[in-house]
file protein.csv (CSV, C-alpha atoms and all ligand atoms)
chain,number,residue,atom,x,y,z
S,1,MET,CA,-7.9,52.9,-29.2
S,2,PHE,CA,-4.6,52.6,-27.3
S,3,VAL,CA,-6.3,50.5,-24.6
S,4,LYS,CA,-7.9,48.3,-27.1
S,5,ARG,CA,-4.6,47.6,-28.9
S,6,VAL,CA,-3.0,46.6,-25.6
S,7,THR,CA,-5.9,44.3,-24.8
S,8,THR,CA,-5.7,42.6,-28.2
S,9,GLY,CA,-1.9,42.2,-27.7
S,10,LEU,CA,-2.4,40.5,-24.3
S,11,MET,CA,-5.0,38.3,-25.8
S,12,THR,CA,-2.6,37.2,-28.5
S,13,ILE,CA,0.0,36.4,-26.0
S,14,ALA,CA,-2.5,34.5,-23.9
S,15,ALA,CA,-3.7,32.5,-27.0
S,16,ALA,CA,-0.1,31.7,-27.9
S,17,THR,CA,0.7,30.6,-24.4
S,18,PHE,CA,-2.4,28.4,-24.4
S,19,ALA,CA,-1.4,26.8,-27.7
S,20,VAL,CA,2.1,26.0,-26.4
S,21,GLY,CA,0.6,24.6,-23.2
S,22,GLY,CA,-1.8,22.5,-25.3
S,23,ALA,CA,0.9,21.1,-27.5
S,24,PHE,CA,2.9,20.0,-24.3
S,25,ALA,CA,-0.3,18.6,-22.8
S,26,GLN,CA,-0.8,16.3,-25.8
S,27,ASP,CA,2.8,15.0,-25.8
S,28,ALA,CA,2.9,14.2,-22.1
S,29,ILE,CA,1.6,10.9,-20.8
S,30,LYS,CA,-0.3,11.8,-17.7
S,31,VAL,CA,-0.5,9.6,-14.6
S,32,GLY,CA,-3.3,10.6,-12.2
S,33,LEU,CA,-2.1,9.6,-8.7
S,34,ILE,CA,-4.9,10.0,-6.1
S,35,MET,CA,-3.9,9.5,-2.5
S,36,PRO,CA,-5.0,10.8,0.9
S,37,MET,CA,-2.6,13.7,1.5
S,38,THR,CA,-4.8,15.0,4.4
S,39,GLY,CA,-6.9,13.3,7.1
S,40,GLN,CA,-6.3,10.1,9.0
S,41,GLN,CA,-4.4,8.3,6.1
S,42,THR,CA,-2.0,11.2,5.4
S,43,ALA,CA,1.1,9.2,6.2
S,44,VAL,CA,0.1,6.6,3.6
S,45,GLY,CA,-0.2,9.3,0.9
S,46,LYS,CA,3.1,10.8,1.8
S,47,GLN,CA,4.9,7.4,1.5
S,48,VAL,CA,3.3,6.5,-1.8
S,49,VAL,CA,3.9,9.9,-3.4
S,50,ALA,CA,7.5,9.9,-2.2
S,51,GLY,CA,8.1,6.5,-3.7
S,52,ALA,CA,6.5,7.5,-7.0
S,53,ARG,CA,8.5,10.7,-7.2
S,54,LEU,CA,11.8,8.9,-6.3
S,55,TYR,CA,11.3,6.5,-9.2
S,56,MET,CA,10.8,9.4,-11.6
S,57,GLN,CA,13.8,11.2,-10.2
S,58,GLN,CA,16.0,8.1,-10.6
S,59,VAL,CA,14.8,7.0,-14.0
S,60,GLY,CA,14.0,10.4,-15.6
S,61,ALA,CA,10.7,11.7,-16.9
S,62,THR,CA,10.8,10.2,-20.4
S,63,VAL,CA,10.1,6.7,-21.6
S,64,ALA,CA,9.4,5.4,-25.2
S,65,GLY,CA,10.0,8.9,-26.4
S,66,LYS,CA,7.2,10.3,-24.3
S,67,LYS,CA,7.3,12.6,-21.3
S,68,ILE,CA,5.6,11.2,-18.2
S,69,GLU,CA,3.7,13.7,-16.1
S,70,LEU,CA,2.6,12.8,-12.6
S,71,ILE,CA,-0.5,14.6,-11.3
S,72,VAL,CA,-1.0,14.2,-7.6
S,73,ARG,CA,-4.5,14.8,-6.2
S,74,ASP,CA,-5.7,14.6,-2.6
S,75,ASP,CA,-8.9,12.6,-1.8
S,76,ALA,CA,-8.5,12.9,2.0
S,77,GLY,CA,-9.4,9.2,2.1
S,78,VAL,CA,-13.1,9.8,1.2
S,79,PRO,CA,-14.6,7.5,-1.5
S,80,ASP,CA,-16.8,10.2,-3.0
S,81,ASN,CA,-13.8,12.4,-3.5
S,82,THR,CA,-11.7,9.7,-5.0
S,83,LYS,CA,-14.4,8.9,-7.6
S,84,ARG,CA,-15.0,12.6,-8.5
S,85,ILE,CA,-11.3,13.2,-8.8
S,86,ALA,CA,-10.8,10.1,-11.0
S,87,GLN,CA,-13.6,11.3,-13.3
S,88,GLU,CA,-12.0,14.8,-13.5
S,89,LEU,CA,-8.6,13.3,-14.3
S,90,VAL,CA,-10.1,11.2,-17.1
S,91,VAL,CA,-12.3,13.8,-18.6
S,92,ASN,CA,-10.4,17.1,-18.1
S,93,ASP,CA,-6.7,15.9,-17.8
S,94,LYS,CA,-7.1,13.0,-20.2
S,95,VAL,CA,-4.8,10.8,-18.0
S,96,ALA,CA,-3.5,7.6,-19.5
S,97,PHE,CA,-3.2,5.9,-16.1
S,98,LEU,CA,-5.1,6.2,-12.8
S,99,ALA,CA,-3.1,5.2,-9.7
S,100,GLY,CA,-3.1,5.3,-5.9
S,101,MET,CA,-6.1,4.0,-3.9
S,102,GLY,CA,-5.0,4.5,-0.2
S,103,LEU,CA,-7.9,2.4,1.2
S,104,THR,CA,-10.0,-0.4,-0.2
S,105,PRO,CA,-13.3,1.6,-0.3
S,106,LEU,CA,-11.5,4.2,-2.5
S,107,ALA,CA,-10.5,1.5,-5.0
S,108,PHE,CA,-14.0,0.1,-5.0
S,109,ALA,CA,-15.3,3.6,-5.8
S,110,VAL,CA,-12.9,4.1,-8.7
S,111,ALA,CA,-13.0,0.6,-10.3
S,112,PRO,CA,-16.1,1.4,-12.5
S,113,VAL,CA,-14.5,4.7,-13.7
S,114,ALA,CA,-11.4,2.7,-14.9
S,115,THR,CA,-13.7,0.1,-16.6
S,116,GLU,CA,-15.8,2.7,-18.4
S,117,ALA,CA,-12.8,4.8,-19.5
S,118,LYS,CA,-10.7,1.7,-20.4
S,119,ILE,CA,-7.7,3.1,-18.4
S,120,PRO,CA,-5.3,1.1,-16.3
S,121,LEU,CA,-5.9,1.6,-12.6
S,122,ILE,CA,-2.7,0.8,-10.7
S,123,VAL,CA,-3.6,0.0,-7.1
S,124,MET,CA,-0.6,1.0,-4.9
S,125,VAL,CA,-2.1,0.4,-1.4
S,126,ALA,CA,-5.7,-1.1,-1.2
S,127,ALA,CA,-5.2,-4.7,-0.1
S,128,THR,CA,-8.5,-6.6,0.1
S,129,SER,CA,-8.2,-9.7,-2.1
S,130,VAL,CA,-11.3,-8.9,-4.2
S,131,VAL,CA,-10.1,-5.4,-5.3
S,132,THR,CA,-8.5,-6.7,-8.5
S,133,GLU,CA,-11.8,-8.4,-9.5
S,134,ARG,CA,-13.7,-5.1,-9.5
S,135,SER,CA,-12.3,-4.1,-12.9
S,136,PRO,CA,-10.3,-5.8,-15.7
S,137,TYR,CA,-8.2,-2.6,-15.8
S,138,ILE,CA,-6.9,-3.0,-12.2
S,139,VAL,CA,-3.3,-4.1,-11.6
S,140,ARG,CA,-2.1,-4.3,-8.0
S,141,VAL,CA,1.5,-3.6,-6.9
S,142,SER,CA,0.9,-3.5,-3.1
S,143,PHE,CA,0.1,-6.7,-1.3
S,144,THR,CA,-3.0,-8.5,0.0
S,145,LEU,CA,-4.1,-9.1,3.5
S,146,PRO,CA,-4.5,-12.9,2.8
S,147,GLN,CA,-0.8,-13.0,1.8
S,148,HIS,CA,0.3,-11.5,5.1
S,149,SER,CA,-2.3,-13.3,7.3
S,150,VAL,CA,-1.7,-16.8,6.0
S,151,ALA,CA,2.1,-16.3,6.4
S,152,ILE,CA,2.0,-15.2,10.0
S,153,ALA,CA,-0.7,-17.8,11.0
S,154,ASP,CA,1.6,-20.5,9.7
S,155,TRP,CA,4.6,-19.1,11.7
S,156,ALA,CA,2.5,-18.7,14.9
S,157,VAL,CA,1.2,-22.3,14.9
S,158,ARG,CA,4.6,-23.7,14.1
S,159,ASN,CA,6.1,-21.7,17.0
S,160,GLY,CA,3.8,-22.6,19.9
S,161,SER,CA,0.7,-20.4,19.5
S,162,LYS,CA,-2.4,-22.4,20.5
S,163,LYS,CA,-5.1,-20.0,21.5
S,164,ALA,CA,-5.4,-16.8,19.5
S,165,LEU,CA,-7.6,-13.7,19.6
S,166,THR,CA,-8.0,-11.6,16.5
S,167,LEU,CA,-8.4,-7.8,16.5
S,168,VAL,CA,-9.0,-6.0,13.2
S,169,SER,CA,-10.3,-2.7,11.7
S,170,ASP,CA,-13.9,-3.2,10.8
S,171,TYR,CA,-13.8,-2.9,7.0
S,172,ALA,CA,-13.0,-5.1,4.0
S,173,PRO,CA,-9.3,-5.7,4.5
S,174,GLY,CA,-9.8,-6.3,8.2
S,175,VAL,CA,-12.4,-9.0,7.4
S,176,ASP,CA,-9.9,-10.6,5.0
S,177,ALA,CA,-7.2,-10.5,7.6
S,178,GLU,CA,-9.5,-12.1,10.2
S,179,THR,CA,-10.9,-14.7,7.9
S,180,PHE,CA,-7.6,-15.9,6.5
S,181,PHE,CA,-5.7,-15.8,9.8
S,182,LYS,CA,-8.5,-17.8,11.5
S,183,ALA,CA,-8.8,-20.4,8.8
S,184,ARG,CA,-5.1,-21.0,8.5
S,185,PHE,CA,-4.5,-20.9,12.3
S,186,MET,CA,-7.3,-23.5,12.9
S,187,ALA,CA,-6.1,-25.7,10.0
S,188,GLY,CA,-2.7,-25.8,11.8
S,189,GLY,CA,-4.4,-27.0,15.0
S,190,GLY,CA,-4.9,-23.7,16.8
S,191,GLN,CA,-8.0,-22.4,18.4
S,192,ILE,CA,-9.5,-18.9,18.0
S,193,ILE,CA,-11.1,-17.8,21.2
S,194,ASP,CA,-12.6,-14.5,20.0
S,195,SER,CA,-12.6,-12.1,17.1
S,196,LEU,CA,-12.9,-8.4,17.8
S,197,ARG,CA,-13.4,-5.5,15.4
S,198,VAL,CA,-12.9,-1.8,15.9
S,199,PRO,CA,-14.1,1.1,13.7
S,200,LEU,CA,-11.7,2.2,11.0
S,201,MET,CA,-12.1,5.9,11.8
S,202,ASN,CA,-11.0,7.3,15.2
S,203,PRO,CA,-10.7,3.9,16.8
S,204,ASP,CA,-10.7,3.5,20.6
S,205,TYR,CA,-8.9,0.4,21.6
S,206,ALA,CA,-9.6,0.5,25.4
S,207,PRO,CA,-12.6,-1.8,25.4
S,208,VAL,CA,-11.1,-4.4,23.1
S,209,LEU,CA,-7.8,-4.4,25.0
S,210,GLN,CA,-9.7,-5.0,28.2
S,211,ARG,CA,-11.5,-7.9,26.5
S,212,ALA,CA,-8.2,-9.2,25.1
S,213,ARG,CA,-6.7,-9.2,28.6
S,214,ASP,CA,-9.8,-10.9,30.2
S,215,SER,CA,-9.9,-13.7,27.6
S,216,ASN,CA,-6.3,-14.6,28.2
S,217,PRO,CA,-5.1,-15.8,24.7
S,218,ASP,CA,-1.5,-16.8,24.2
S,219,THR,CA,-1.5,-14.9,20.9
S,220,LEU,CA,-3.1,-11.6,19.8
S,221,PHE,CA,-3.3,-11.1,16.0
S,222,VAL,CA,-3.8,-7.4,15.1
S,223,PHE,CA,-4.6,-5.7,11.8
S,224,MET,CA,-5.2,-2.0,11.3
S,225,PRO,CA,-4.2,-0.1,8.1
S,226,ALA,CA,-0.9,1.7,7.9
S,227,GLY,CA,-0.6,4.8,10.1
S,228,LEU,CA,-2.8,3.5,12.9
S,229,ALA,CA,-0.6,1.1,14.7
S,230,GLY,CA,1.3,3.7,16.7
S,231,VAL,CA,-1.8,4.7,18.7
S,232,PHE,CA,-2.7,1.0,19.2
S,233,VAL,CA,0.7,0.1,20.5
S,234,ARG,CA,0.7,3.1,22.9
S,235,GLN,CA,-2.6,1.9,24.4
S,236,PHE,CA,-1.4,-1.7,24.5
S,237,VAL,CA,1.7,-0.6,26.5
S,238,GLU,CA,-0.2,1.8,28.7
S,239,ARG,CA,-2.4,-1.1,29.8
S,240,GLY,CA,0.6,-3.2,30.5
S,241,LEU,CA,-0.3,-5.8,27.9
S,242,ASP,CA,3.4,-5.9,26.8
S,243,LYS,CA,4.2,-7.2,30.2
S,244,THR,CA,1.8,-10.2,29.9
S,245,ALA,CA,2.6,-13.5,28.2
S,246,ILE,CA,0.4,-12.5,25.2
S,247,ARG,CA,2.4,-12.8,22.0
S,248,LEU,CA,1.6,-9.8,19.7
S,249,ILE,CA,1.7,-10.6,16.0
S,250,GLY,CA,0.3,-9.2,12.7
S,251,PRO,CA,0.9,-8.0,9.1
S,252,PRO,CA,3.5,-5.3,8.5
S,253,ASP,CA,1.1,-2.5,9.4
S,254,LEU,CA,1.6,-3.5,13.1
S,255,THR,CA,5.4,-2.8,13.0
S,256,ASP,CA,5.3,-0.1,10.3
S,257,ASP,CA,8.8,1.2,9.5
S,258,ASP,CA,7.4,4.7,9.4
S,259,GLU,CA,6.2,4.5,13.1
S,260,LEU,CA,8.4,1.8,14.6
S,261,ASN,CA,11.0,4.0,16.3
S,262,GLY,CA,8.2,6.0,17.9
S,263,MET,CA,6.6,2.9,19.3
S,264,GLY,CA,9.6,2.2,21.6
S,265,ASP,CA,11.6,-0.7,22.9
S,266,SER,CA,8.6,-2.7,24.1
S,267,MET,CA,8.2,-3.7,20.4
S,268,ILE,CA,11.5,-5.5,20.4
S,269,GLY,CA,10.9,-9.2,19.7
S,270,VAL,CA,7.5,-8.7,18.0
S,271,VAL,CA,7.2,-11.0,15.0
S,272,SER,CA,5.2,-10.0,11.9
S,273,SER,CA,4.8,-10.9,8.2
S,274,GLY,CA,5.6,-8.4,5.5
S,275,ASN,CA,6.3,-7.7,1.9
S,276,TYR,CA,9.0,-5.1,2.6
S,277,SER,CA,11.4,-4.0,5.4
S,278,ALA,CA,13.7,-1.0,5.3
S,279,SER,CA,16.3,-3.5,6.6
S,280,HIS,CA,16.0,-5.8,3.6
S,281,PRO,CA,19.6,-6.6,2.9
S,282,SER,CA,19.7,-6.2,-1.0
S,283,PRO,CA,22.0,-3.6,-2.5
S,284,MET,CA,19.0,-2.2,-4.4
S,285,ASN,CA,17.1,-1.7,-1.1
S,286,GLN,CA,20.1,-0.1,0.6
S,287,ALA,CA,20.3,2.4,-2.3
S,288,TYR,CA,16.5,2.9,-2.1
S,289,VAL,CA,16.5,3.7,1.6
S,290,ALA,CA,19.4,6.1,1.3
S,291,ALA,CA,17.8,7.9,-1.7
S,292,PHE,CA,14.4,8.0,-0.1
S,293,LYS,CA,15.7,9.5,3.1
S,294,ALA,CA,17.8,12.0,1.2
S,295,ALA,CA,14.7,13.2,-0.8
S,296,ASN,CA,12.3,13.3,2.2
S,297,ASN,CA,14.1,14.9,5.2
S,298,GLY,CA,15.2,11.6,6.6
S,299,LEU,CA,11.8,9.8,6.4
S,300,ARG,CA,12.3,6.0,6.5
S,301,PRO,CA,10.5,4.2,3.6
S,302,ASN,CA,7.9,1.6,4.7
S,303,PHE,CA,6.0,-1.2,3.0
S,304,ILE,CA,3.5,1.3,1.6
S,305,SER,CA,6.2,3.4,-0.2
S,306,VAL,CA,7.2,0.5,-2.5
S,307,GLY,CA,3.7,0.5,-4.0
S,308,GLY,CA,4.4,4.0,-5.3
S,309,TYR,CA,7.9,3.2,-6.5
S,310,ASP,CA,7.0,-0.1,-8.2
S,311,GLY,CA,3.7,1.3,-9.5
S,312,MET,CA,5.7,3.9,-11.5
S,313,HIS,CA,8.0,1.1,-12.7
S,314,LEU,CA,4.9,-0.6,-14.1
S,315,VAL,CA,3.8,2.5,-15.9
S,316,TYR,CA,7.2,3.0,-17.5
S,317,GLU,CA,7.7,-0.6,-18.5
S,318,ALA,CA,4.2,-0.9,-19.9
S,319,MET,CA,4.8,2.2,-22.0
S,320,ARG,CA,8.0,0.8,-23.2
S,321,LYS,CA,6.4,-2.5,-24.2
S,322,THR,CA,3.6,-0.7,-26.1
S,323,ASN,CA,6.1,1.6,-27.8
S,324,GLY,CA,4.4,4.6,-26.4
S,325,SER,CA,0.8,3.6,-27.2
S,326,THR,CA,-1.6,4.6,-24.5
S,327,ASN,CA,-4.3,2.1,-25.5
S,328,GLY,CA,-5.6,0.9,-22.1
S,329,ASP,CA,-6.1,-2.7,-23.1
S,330,ALA,CA,-2.6,-2.9,-24.6
S,331,LEU,CA,-1.1,-1.4,-21.4
S,332,VAL,CA,-2.9,-3.9,-19.2
S,333,ASP,CA,-1.8,-6.7,-21.4
S,334,ALA,CA,1.8,-5.4,-21.2
S,335,MET,CA,1.6,-5.5,-17.4
S,336,LYS,CA,0.4,-9.1,-17.2
S,337,GLY,CA,3.2,-11.4,-16.3
S,338,MET,CA,5.8,-8.6,-15.9
S,339,SER,CA,8.5,-9.4,-13.4
S,340,TRP,CA,11.3,-7.3,-12.0
S,341,GLU,CA,13.4,-6.6,-8.9
S,342,SER,CA,11.9,-4.2,-6.4
S,343,PRO,CA,13.6,-2.9,-3.2
S,344,ARG,CA,11.4,-5.5,-1.4
S,345,GLY,CA,12.9,-8.4,-3.6
S,346,PRO,CA,11.7,-10.1,-6.8
S,347,ILE,CA,8.1,-9.4,-7.7
S,348,SER,CA,5.8,-10.1,-10.7
S,349,ILE,CA,2.2,-9.5,-11.9
S,350,ASP,CA,0.1,-12.7,-12.0
S,351,PRO,CA,-1.1,-12.8,-15.7
S,352,GLN,CA,-4.4,-14.4,-14.7
S,353,THR,CA,-5.4,-12.2,-11.7
S,354,ARG,CA,-3.4,-9.0,-12.4
S,355,ASP,CA,-2.3,-9.2,-8.7
S,356,ILE,CA,1.1,-9.0,-7.2
S,357,VAL,CA,3.2,-12.1,-6.6
S,358,GLN,CA,6.0,-11.5,-4.1
S,359,ASN,CA,8.1,-12.9,-1.3
S,360,ILE,CA,6.5,-12.6,2.1
S,361,TYR,CA,9.1,-12.4,4.9
S,362,ILE,CA,8.8,-13.2,8.6
S,363,ARG,CA,10.5,-10.5,10.6
S,364,ARG,CA,11.4,-9.8,14.2
S,365,VAL,CA,11.8,-6.3,15.6
S,366,GLU,CA,15.4,-5.8,16.8
S,367,LYS,CA,17.5,-2.8,17.7
S,368,VAL,CA,20.3,-2.2,15.2
S,369,ASN,CA,22.6,0.8,15.7
S,370,GLY,CA,20.2,2.4,18.1
S,371,GLU,CA,17.1,2.1,15.8
S,372,LEU,CA,14.3,-0.4,15.7
S,373,TYR,CA,14.0,-2.5,12.5
S,374,ASN,CA,12.0,-5.5,11.2
S,375,MET,CA,14.8,-8.1,10.7
S,376,GLU,CA,13.8,-10.7,8.1
S,377,PHE,CA,14.6,-14.3,9.1
S,378,ALA,CA,12.4,-16.5,7.0
S,379,THR,CA,10.9,-16.2,3.4
S,380,ILE,CA,7.9,-17.6,1.7
S,381,GLU,CA,8.9,-17.2,-1.9
S,382,ALA,CA,6.8,-15.9,-4.8
S,383,MET,CA,3.5,-16.0,-2.9
S,384,LYS,CA,0.3,-15.4,-4.9
S,385,ASP,CA,-2.7,-13.9,-3.2
S,386,PRO,CA,-4.3,-16.9,-1.3
S,387,GLY,CA,-7.6,-15.0,-1.4
S,388,LYS,CA,-8.2,-15.9,-5.0
S,389,ALA,CA,-8.7,-19.5,-4.0
S,390,GLY,CA,-10.8,-18.7,-0.9
S,391,PRO,CA,-9.7,-19.4,2.8
S,392,LYS,CA,-8.3,-22.8,3.6
S,401,LIG,C1,-5.5,-1.1,3.4
S,401,LIG,C2,-4.9,0.2,3.6
S,401,LIG,C3,-3.6,0.2,4.3
S,401,LIG,O1,-3.0,1.4,4.5
S,401,LIG,C4,-3.0,-1.0,4.7
S,401,LIG,O2,-1.9,-0.9,5.3
S,401,LIG,C5,-3.6,-2.2,4.5
S,401,LIG,C6,-4.9,-2.2,3.8
S,401,LIG,C7,-6.8,-1.1,2.7
S,401,LIG,O3,-7.7,-0.3,2.9
S,401,LIG,O4,-7.0,-2.0,1.9
call {"tool": "encode", "arguments": {"input": "protein.csv", "output": "structure tokens", "more": "lines below"}}
Ligand code: DHB
result
Amino acid sequence: MFVKRVTTGLMTIAAATFAVGGAFAQDAIKVGLIMPMTGQQTAVGKQVVAGARLYMQQVGATVAGKKIELIVRDDAGVPDNTKRIAQELVVNDKVAFLAGMGLTPLAFAVAPVATEAKIPLIVMVAATSVVTERSPYIVRVSFTLPQHSVAIADWAVRNGSKKALTLVSDYAPGVDAETFFKARFMAGGGQIIDSLRVPLMNPDYAPVLQRARDSNPDTLFVFMPAGLAGVFVRQFVERGLDKTAIRLIGPPDLTDDDELNGMGDSMIGVVSSGNYSASHPSPMNQAYVAAFKAANNGLRPNFISVGGYDGMHLVYEAMRKTNGSTNGDALVDAMKGMSWESPRGPISIDPQTRDIVQNIYIRRVEKVNGELYNMEFATIEAMKDPGKAGPK
């Protein structure tokens, strides 16, 4: 009898707790952020999540009278995981937003989930041009490989590059980088002497570096996704290619702020294109870098981190515009054409393509106060994704 009464009492408490939890759960607007927090792309997940959390820390967890709850889930960079987690977040957690997508194949896997659920999918990393066309619910806040590749091709031909070799990771954004760099470089009068690709997972650069040396280009254009350039640069230097006349160029992944100091002084002078540099001289960015470092044990924010930060801005401002409604179509409509200042500079969402429009900067690695930085020295303003029009 006694035992039974205690059990009933506990059950009552449990039921009450559940009811309170349920009430909270209904009020909170949930954002399901899926990123690789383990595996080869871990550094990317860390930067995005840190950017997203910093935004919430600075702005607070409430907008339009609603509490925003960030649910972070690890997909280890495996598309089947990303898709399953997205489905769980929709069905079980009833998220109002899906976000993240640390690699293009992960965004491809989740696009149909967003379409079916009619939920905005905020792409914070995946950078192949076609990603935004995979669902009318996708809005991108990162960058595209055509943006970066066209910008650096133009700089290279204007600055004496004549014979280039391209080296890319062998998956969709690598193909975009190769295609758009080549087309633009050749349109400017340059010649492409070879195009090499390496596997995305566990790449070995030794054979391609040997081929690069043998074919003797004046310029080597390199793309591999964030987090992989450190290994590439080590092998490039070990083989003495930094001592040759070959000019190393690429998108911002090549001189990633997260890895740049570890790459060493042989990177000084390397020119790249990029949507963000930790040295961007705006007051907003200086505050961003200081707050980011303070919240993350001194970690320097990179071009990936602003995808997390600006992606949360998009969530908040869309919620504000819909007055707290979570209707997916209304939220995506609210995001179209939105413009604001980011730590990277002014940005907006193209109302036709739902893709990011942003400045692309040309930067040179320099040592400032004992640390390596990408110092911006030229700007292509408000660049749309050149990929939407096809390579030229
Ligand atoms: C992709 C991922 C990255 O981390 C990056 O820097 C560029 C592109 C991608 O898979 O699209």
call {"tool": "residues_near_ligand", "arguments": {"input": "protein.csv", "ligand": "ligand LIG 401 (chain S)", "cutoff": "9 Å", "atoms": "all atoms listed in the file", "output": "CSV table (one decimal) with C-alpha atoms, keeping the file's coordinate frame"}}
result
chain,number,residue,atom,x,y,z
S,41,GLN,CA,-4.4,8.3,6.1
S,43,ALA,CA,1.1,9.2,6.2
S,44,VAL,CA,0.1,6.6,3.6
S,101,MET,CA,-6.1,4.0,-3.9
S,102,GLY,CA,-5.0,4.5,-0.2
S,103,LEU,CA,-7.9,2.4,1.2
S,104,THR,CA,-10.0,-0.4,-0.2
S,105,PRO,CA,-13.3,1.6,-0.3
S,106,LEU,CA,-11.5,4.2,-2.5
S,107,ALA,CA,-10.5,1.5,-5.0
S,125,VAL,CA,-2.1,0.4,-1.4
S,126,ALA,CA,-5.7,-1.1,-1.2
S,127,ALA,CA,-5.2,-4.7,-0.1
S,128,THR,CA,-8.5,-6.6,0.1
S,129,SER,CA,-8.2,-9.7,-2.1
S,131,VAL,CA,-10.1,-5.4,-5.3
S,142,SER,CA,0.9,-3.5,-3.1
S,143,PHE,CA,0.1,-6.7,-1.3
S,144,THR,CA,-3.0,-8.5,0.0
S,145,LEU,CA,-4.1,-9.1,3.5
S,171,TYR,CA,-13.8,-2.9,7.0
S,172,ALA,CA,-13.0,-5.1,4.0
S,173,PRO,CA,-9.3,-5.7,4.5
S,174,GLY,CA,-9.8,-6.3,8.2
S,223,PHE,CA,-4.6,-5.7,11.8
S,224,MET,CA,-5.2,-2.0,11.3
S,225,PRO,CA,-4.2,-0.1,8.1
S,226,ALA,CA,-0.9,1.7,7.9
S,227,GLY,CA,-0.6,4.8,10.1
S,228,LEU,CA,-2.8,3.5,12.9
S,251,PRO,CA,0.9,-8.0,9.1
S,252,PRO,CA,3.5,-5.3,8.5
S,253,ASP,CA,1.1,-2.5,9.4
S,254,LEU,CA,1.6,-3.5,13.1
S,256,ASP,CA,5.3,-0.1,10.3
S,303,PHE,CA,6.0,-1.2,3.0
S,304,ILE,CA,3.5,1.3,1.6
call {"tool": "residues_around", "arguments": {"input": "protein.csv", "residues": "Val208 in chain S", "least_positions_apart": "4", "cutoff": "12 Å", "atoms": "only C-alpha atoms", "output": "number ranges by chain"}}
result
S: 165-169, 194-199, 203-204, 212-215, 220, 222, 232, 235-236, 239, 241
call {"tool": "closest_atom_pairs", "arguments": {"input": "protein.csv", "of": "range 251-362 of chain S", "to": "range 69-91 of chain S", "cutoff": "12 Å", "atoms": "only C-alpha atoms", "output": "CSV"}}
result
residue,atom,partner,partner_atom,distance
S:Gly308,CA,S:Leu70,CA,11.6
S:Gly311,CA,S:Leu70,CA,12.0
S:Met312,CA,S:Leu70,CA,9.5
S:Val315,CA,S:Leu70,CA,10.9
S:Tyr316,CA,S:Glu69,CA,11.3
call {"tool": "residues_around", "arguments": {"input": "protein.csv", "residues": "Phe180 in chain S", "least_positions_apart": "5", "cutoff": "9 Å", "atoms": "all atoms listed in the file", "output": "PDB file with C-alpha atoms, in the frame of the given file"}}
result
ATOM      1  CA  LEU S 145      -4.100  -9.100   3.500  1.00  0.00           C
ATOM      2  CA  PRO S 146      -4.500 -12.900   2.800  1.00  0.00           C
ATOM      3  CA  GLN S 147      -0.800 -13.000   1.800  1.00  0.00           C
ATOM      4  CA  SER S 149      -2.300 -13.300   7.300  1.00  0.00           C
ATOM      5  CA  VAL S 150      -1.700 -16.800   6.000  1.00  0.00           C
ATOM      6  CA  ALA S 153      -0.700 -17.800  11.000  1.00  0.00           C
ATOM      7  CA  VAL S 175     -12.400  -9.000   7.400  1.00  0.00           C
ATOM      8  CA  PHE S 185      -4.500 -20.900  12.300  1.00  0.00           C
ATOM      9  CA  PRO S 386      -4.300 -16.900  -1.300  1.00  0.00           C
ATOM     10  CA  GLY S 387      -7.600 -15.000  -1.400  1.00  0.00           C
ATOM     11  CA  GLY S 390     -10.800 -18.700  -0.900  1.00  0.00           C
ATOM     12  CA  PRO S 391      -9.700 -19.400   2.800  1.00  0.00           C
ATOM     13  CA  LYS S 392      -8.300 -22.800   3.600  1.00  0.00           C
TER      14      LYS S 392
END
call {"tool": "closest_residue", "arguments": {"input": "protein.csv", "among": "S:Ala164, S:Val139, S:Val231, S:Met383", "to": "Ala334 in chain S", "atoms": "all atoms listed in the file"}}
result
S:Val139
call {"tool": "closest_residue", "arguments": {"input": "protein.csv", "among": "S:Ala64, S:Val130, S:Ala318, S:Ala156", "to": "Ala330 in chain S", "atoms": "only C-alpha atoms"}}
result
S:Ala318
call {"tool": "closest_residue", "arguments": {"input": "protein.csv", "among": "S:Pro301, S:His280, S:Glu381, S:Ile29", "to": "Leu98 in chain S", "atoms": "only C-alpha atoms"}}
result
S:Ile29
call {"tool": "closest_residue", "arguments": {"input": "protein.csv", "among": "S:Gln210, S:Asn296, S:Ser273, S:Asn359", "to": "Ile249 in chain S", "atoms": "all atoms listed in the file"}}
result
S:Ser273
call {"tool": "residues_around", "arguments": {"input": "protein.csv", "residues": "Asp154 in chain S", "least_positions_apart": "5", "cutoff": "10 Å", "atoms": "only C-alpha atoms", "output": "ChimeraX atom specification"}}
result
/S:149,159,161,181,184-188
call {"tool": "atom_distance", "arguments": {"input": "protein.csv", "atom1": "CA of Val270 in chain S", "atom2": "CA of Gly100 in chain S"}}
result
29.7 Å
call {"tool": "atom_distance", "arguments": {"input": "protein.csv", "atom1": "CA of Tyr137 in chain S", "atom2": "CA of Val332 in chain S"}}
result
6.4 Å
call {"tool": "atom_distance", "arguments": {"input": "protein.csv", "atom1": "CA of Met338 in chain S", "atom2": "CA of Ile356 in chain S"}}
result
9.9 Å
call {"tool": "closest_residue", "arguments": {"input": "protein.csv", "among": "S:Met263, S:Ile34, S:Met124, S:Ile138", "to": "Ala111 in chain S", "atoms": "only C-alpha atoms"}}
result
S:Ile138
call {"tool": "residues_near_point", "arguments": {"input": "protein.csv", "point": "(0.5, -10.4, -9.5)", "cutoff": "10 Å", "atoms": "only C-alpha atoms", "output": "count of residues only"}}
result
27
call {"tool": "residues_near_point", "arguments": {"input": "protein.csv", "point": "(-11.0, 2.5, -16.4)", "cutoff": "9 Å", "atoms": "only C-alpha atoms", "output": "PyMOL selection string"}}
result
chain S and resi 90+97-98+110-121+135-138+328
